[in-house]
Amino acid sequence: MRDVVKTNVKRQQSSKRKHRRTRHQAINILLVVLLVVGVGISLSMTFFFNVTRIEVKNGTQYDDSRIVSLSGIKGGENLVRLDTTFSAKNIRDSLVYAEDVTVKKKFPSTVEITVTKSEPIANITYSFGYLLVSSSGKILETVEKPQEGLLIIEGYEPATDTPGKQLESNVTEKNAVLNTLTKAVSMNPDAGIYSLDMSDIYEIHVQFGDKVLFEMGNSNDAEYKLRFAARTISELNQDKNYHLKMVGNNQISEISDDSAQVVHTMPTEETAEITTNEQE
């Protein structure tokens, strides 16, 4: 009996020593892996992945060298630690006609900078003339006369006229209204819209060409209202002047030069179709 007990104790001690050795080996392996990873990270942020080439895809009038300088990126700088967001923002903020800027890391040693040009899409009235603004709402220039072929927007009340700054109104609510209206106009490119007057955001006036003034009310369902107005105008005598006014959800009141008043109604199926398209 005593021999059996001694044998069991020896086996238990041997098993414990084996488990300890296995645990120590696992810890040692983990330490080696961590050391290798640490060395790799250290090398990648010091000796490896350093910038040797900067590629510029430039769609603007600015020199490539100026764009690179504004990015703050220099040869030999570590690619891993490079802050591409800061570089892109600094380029866009510094160059008035830089609309979209992206800075990408291309390992092992290249940086790619892409700059697209800002294009004016509207004239915004202000105290001393007009502001030319881009599709993103960036102020590009101040001019005395509106640029031909571009939408004129009145009554916005811009808070700043500084080129390069983002367009913003003194009346907070008008920012959202402007976004809604410009999007609606872009969805009706063939409507012949000349100007928008948003002095009163609840009674917005839209000028179609030089003969039709449309009172659309507020900016709710703006795309639908503009489509309805354009559809109505296509049925009018193009030699007369008209005053149109939105009445309810699916009617437009028409008054012509001879003061004859007519009410146009959008067919129910077309109203439903337009509403569905807007929701999509």
# chains A, B, ... in the order shown; residues from 1 in each chain; ligands from 1
>>> residues_around(residues="Ala191 (chain A)", least_positions_apart="3", cutoff="8 Å", atoms="only C-alpha atoms", output="count of residues only")
5
>>> select_by_dssp(residues="region 52-247 of chain A", states="alpha helix (DSSP H)", output="ChimeraX atom specification")
/A:64-71,84-94,173-186,222-233
>>> residues_around(residues="Met198 (chain A)", least_positions_apart="6", cutoff="10 Å", atoms="only C-alpha atoms", output="CSV table (one decimal) with all heavy atoms, in the first residue's frame")
chain,number,residue,atom,x,y,z
A,153,ILE,N,-29.7,83.8,-56.2
A,153,ILE,CA,-30.5,83.6,-55.0
A,153,ILE,C,-30.5,84.9,-54.2
A,153,ILE,O,-29.5,85.4,-53.8
A,153,ILE,CB,-29.9,82.4,-54.2
A,153,ILE,CG1,-29.9,81.1,-55.0
A,153,ILE,CG2,-30.6,82.3,-52.9
A,153,ILE,CD1,-29.2,80.0,-54.4
A,154,GLU,N,-31.7,85.3,-53.9
A,154,GLU,CA,-31.9,86.6,-53.2
A,154,GLU,C,-32.5,86.3,-51.8
A,154,GLU,O,-33.2,85.3,-51.6
A,154,GLU,CB,-32.8,87.5,-53.9
A,154,GLU,CG,-32.4,87.8,-55.3
A,154,GLU,CD,-33.4,88.7,-56.1
A,154,GLU,OE1,-34.6,88.7,-55.7
A,154,GLU,OE2,-33.0,89.3,-57.1
A,155,GLY,N,-32.2,87.2,-50.8
A,155,GLY,CA,-32.8,87.1,-49.5
A,155,GLY,C,-32.1,86.0,-48.6
A,155,GLY,O,-32.7,85.7,-47.5
A,156,TYR,N,-30.9,85.6,-48.9
A,156,TYR,CA,-30.3,84.5,-48.1
A,156,TYR,C,-29.6,85.2,-46.8
A,156,TYR,O,-29.6,84.6,-45.8
A,156,TYR,CB,-29.3,83.8,-48.9
A,156,TYR,CG,-28.5,82.8,-48.1
A,156,TYR,CD1,-29.1,81.6,-47.6
A,156,TYR,CD2,-27.1,83.0,-47.8
A,156,TYR,CE1,-28.3,80.7,-46.8
A,156,TYR,CE2,-26.4,82.1,-47.1
A,156,TYR,CZ,-27.0,81.0,-46.6
A,156,TYR,OH,-26.3,80.1,-45.8
A,157,GLU,N,-29.1,86.4,-47.0
A,157,GLU,CA,-28.5,87.1,-45.9
A,157,GLU,C,-27.2,86.4,-45.4
A,157,GLU,O,-27.1,85.9,-44.3
A,157,GLU,CB,-29.4,87.3,-44.7
A,157,GLU,CG,-30.7,88.1,-45.0
A,157,GLU,CD,-31.6,88.2,-43.8
A,157,GLU,OE1,-31.2,88.8,-42.8
A,157,GLU,OE2,-32.8,87.7,-43.9
A,174,LYS,N,-32.3,79.6,-42.6
A,174,LYS,CA,-32.2,79.7,-44.1
A,174,LYS,C,-31.1,78.8,-44.7
A,174,LYS,O,-31.1,78.6,-45.9
A,174,LYS,CB,-31.9,81.2,-44.5
A,174,LYS,CG,-33.1,82.1,-44.2
A,174,LYS,CD,-32.8,83.5,-44.8
A,174,LYS,CE,-34.1,84.3,-44.7
A,174,LYS,NZ,-34.0,85.7,-45.3
A,177,VAL,N,-33.0,75.7,-45.7
A,177,VAL,CA,-33.9,76.0,-46.8
A,177,VAL,C,-33.1,76.1,-48.1
A,177,VAL,O,-33.5,75.6,-49.1
A,177,VAL,CB,-34.6,77.3,-46.5
A,177,VAL,CG1,-35.4,77.8,-47.7
A,177,VAL,CG2,-35.6,77.2,-45.3
A,178,LEU,N,-31.9,76.8,-48.0
A,178,LEU,CA,-31.1,76.9,-49.2
A,178,LEU,C,-30.7,75.6,-49.7
A,178,LEU,O,-30.7,75.3,-51.0
A,178,LEU,CB,-29.9,77.8,-48.9
A,178,LEU,CG,-28.9,78.0,-50.1
A,178,LEU,CD1,-29.6,78.7,-51.2
A,178,LEU,CD2,-27.6,78.7,-49.6
A,181,LEU,N,-33.6,74.0,-51.5
A,181,LEU,CA,-33.9,74.6,-52.8
A,181,LEU,C,-32.9,74.3,-53.9
A,181,LEU,O,-33.3,74.0,-55.0
A,181,LEU,CB,-34.1,76.1,-52.6
A,181,LEU,CG,-35.2,76.6,-51.7
A,181,LEU,CD1,-35.2,78.1,-51.5
A,181,LEU,CD2,-36.6,76.2,-52.3
A,204,ILE,N,-41.7,81.7,-50.7
A,204,ILE,CA,-40.5,81.7,-51.6
A,204,ILE,C,-41.0,82.0,-53.0
A,204,ILE,O,-42.0,81.4,-53.5
A,204,ILE,CB,-39.8,80.4,-51.5
A,204,ILE,CG1,-39.2,80.2,-50.1
A,204,ILE,CG2,-38.7,80.3,-52.6
A,204,ILE,CD1,-38.7,78.8,-49.8
A,205,HIS,N,-40.3,82.9,-53.7
A,205,HIS,CA,-40.7,83.2,-55.1
A,205,HIS,C,-39.6,82.7,-56.0
A,205,HIS,O,-38.4,82.8,-55.8
A,205,HIS,CB,-40.7,84.8,-55.3
A,205,HIS,CG,-41.9,85.4,-54.6
A,205,HIS,ND1,-42.2,86.7,-54.6
A,205,HIS,CD2,-42.9,84.8,-53.8
A,205,HIS,CE1,-43.3,87.0,-53.9
A,205,HIS,NE2,-43.7,85.9,-53.4
A,206,VAL,N,-40.1,82.0,-57.1
A,206,VAL,CA,-39.2,81.5,-58.1
A,206,VAL,C,-39.5,82.1,-59.5
A,206,VAL,O,-40.6,82.1,-59.9
A,206,VAL,CB,-39.4,79.9,-58.2
A,206,VAL,CG1,-38.4,79.3,-59.2
A,206,VAL,CG2,-39.3,79.3,-56.9
A,217,GLY,N,-44.6,79.1,-51.9
A,217,GLY,CA,-44.9,78.9,-50.5
A,217,GLY,C,-43.6,78.5,-49.8
A,217,GLY,O,-42.5,79.1,-50.1
A,218,ASN,N,-43.6,77.6,-48.8
A,218,ASN,CA,-42.4,77.2,-48.1
A,218,ASN,C,-41.6,76.2,-48.9
A,218,ASN,O,-41.9,75.8,-50.1
A,218,ASN,CB,-42.7,76.7,-46.7
A,218,ASN,CG,-43.6,75.4,-46.7
A,218,ASN,OD1,-43.6,74.6,-47.7
A,218,ASN,ND2,-44.4,75.3,-45.7
A,219,SER,N,-40.5,75.7,-48.4
A,219,SER,CA,-39.6,74.8,-49.1
A,219,SER,C,-40.0,73.3,-49.0
A,219,SER,O,-39.3,72.5,-49.6
A,219,SER,CB,-38.1,75.0,-48.6
A,219,SER,OG,-38.0,74.6,-47.2
>>> select_by_dssp(residues="region 78-273 of chain A", states="strand (DSSP E)", output="PyMOL selection string")
chain A and resi 98-106+110-117+120-126+129-134+139-143+151-154+193-197+204-208+212-217+242-247+251-256+261-265
>>> atom_distance(atom1="CA of Pro158 (chain A)", atom2="CA of Tyr126 (chain A)")
6.7 Å
>>> closest_residue(among="A:Ser186, A:His243, A:Val133, A:Val51", to="Phe107 (chain A)", atoms="only C-alpha atoms")
A:Val51
>>> residues_around(residues="Ser253 (chain A)", least_positions_apart="6", cutoff="12 Å", atoms="only C-alpha atoms", output="list in words")
Leu213, Phe214, Glu215, Met216, Phe228, Ala229, Thr232, Ile233, Tyr242, His243, Leu244, Lys245, Met246, Val247, Ser259, Ala260, Gln261, Val262, Val263, His264, Thr265 and Met266 of chain A
>>> atom_distance(atom1="CA of Lys225 (chain A)", atom2="CA of Gln147 (chain A)")
26.1 Å
>>> residues_around(residues="Thr180 (chain A)", least_positions_apart="3", cutoff="10 Å", atoms="only C-alpha atoms", output="CSV table (one decimal) with N, CA and C atoms, in the first residue's frame")
chain,number,residue,atom,x,y,z
A,174,LYS,N,-32.3,79.6,-42.6
A,174,LYS,CA,-32.2,79.7,-44.1
A,174,LYS,C,-31.1,78.8,-44.7
A,175,ASN,N,-30.2,78.3,-43.8
A,175,ASN,CA,-29.2,77.4,-44.3
A,175,ASN,C,-29.9,76.1,-44.8
A,176,ALA,N,-30.8,75.5,-44.0
A,176,ALA,CA,-31.4,74.3,-44.5
A,176,ALA,C,-32.3,74.5,-45.7
A,177,VAL,N,-33.0,75.7,-45.7
A,177,VAL,CA,-33.9,76.0,-46.8
A,177,VAL,C,-33.1,76.1,-48.1
A,183,LYS,N,-30.9,71.8,-54.1
A,183,LYS,CA,-31.1,70.4,-54.5
A,183,LYS,C,-32.3,70.2,-55.4
A,184,ALA,N,-33.4,70.9,-55.1
A,184,ALA,CA,-34.6,70.8,-55.9
A,184,ALA,C,-34.4,71.4,-57.3
A,185,VAL,N,-33.6,72.5,-57.4
A,185,VAL,CA,-33.3,73.1,-58.7
A,185,VAL,C,-32.4,72.1,-59.5
A,219,SER,N,-40.5,75.7,-48.4
A,219,SER,CA,-39.6,74.8,-49.1
A,219,SER,C,-40.0,73.3,-49.0
A,220,ASN,N,-41.0,73.0,-48.3
A,220,ASN,CA,-41.5,71.6,-48.2
A,220,ASN,C,-41.9,71.1,-49.6
A,221,ASP,N,-41.5,69.9,-49.9
A,221,ASP,CA,-41.8,69.3,-51.2
A,221,ASP,C,-41.3,70.2,-52.4
A,222,ALA,N,-40.2,70.8,-52.2
A,222,ALA,CA,-39.7,71.8,-53.2
A,222,ALA,C,-39.5,71.2,-54.6
A,223,GLU,N,-39.0,70.0,-54.6
A,223,GLU,CA,-38.8,69.3,-55.9
A,223,GLU,C,-40.1,69.1,-56.7
>>> closest_residue(among="A:Thr116, A:Asp100, A:Ser94, A:Thr85", to="Lys57 (chain A)", atoms="only C-alpha atoms")
A:Thr116
>>> atom_distance(atom1="CA of Gly149 (chain A)", atom2="CA of Gly209 (chain A)")
11.3 Å
>>> closest_residue(among="A:Glu112, A:Asp83, A:Asp93, A:Glu99", to="Glu55 (chain A)", atoms="only C-alpha atoms")
A:Glu112
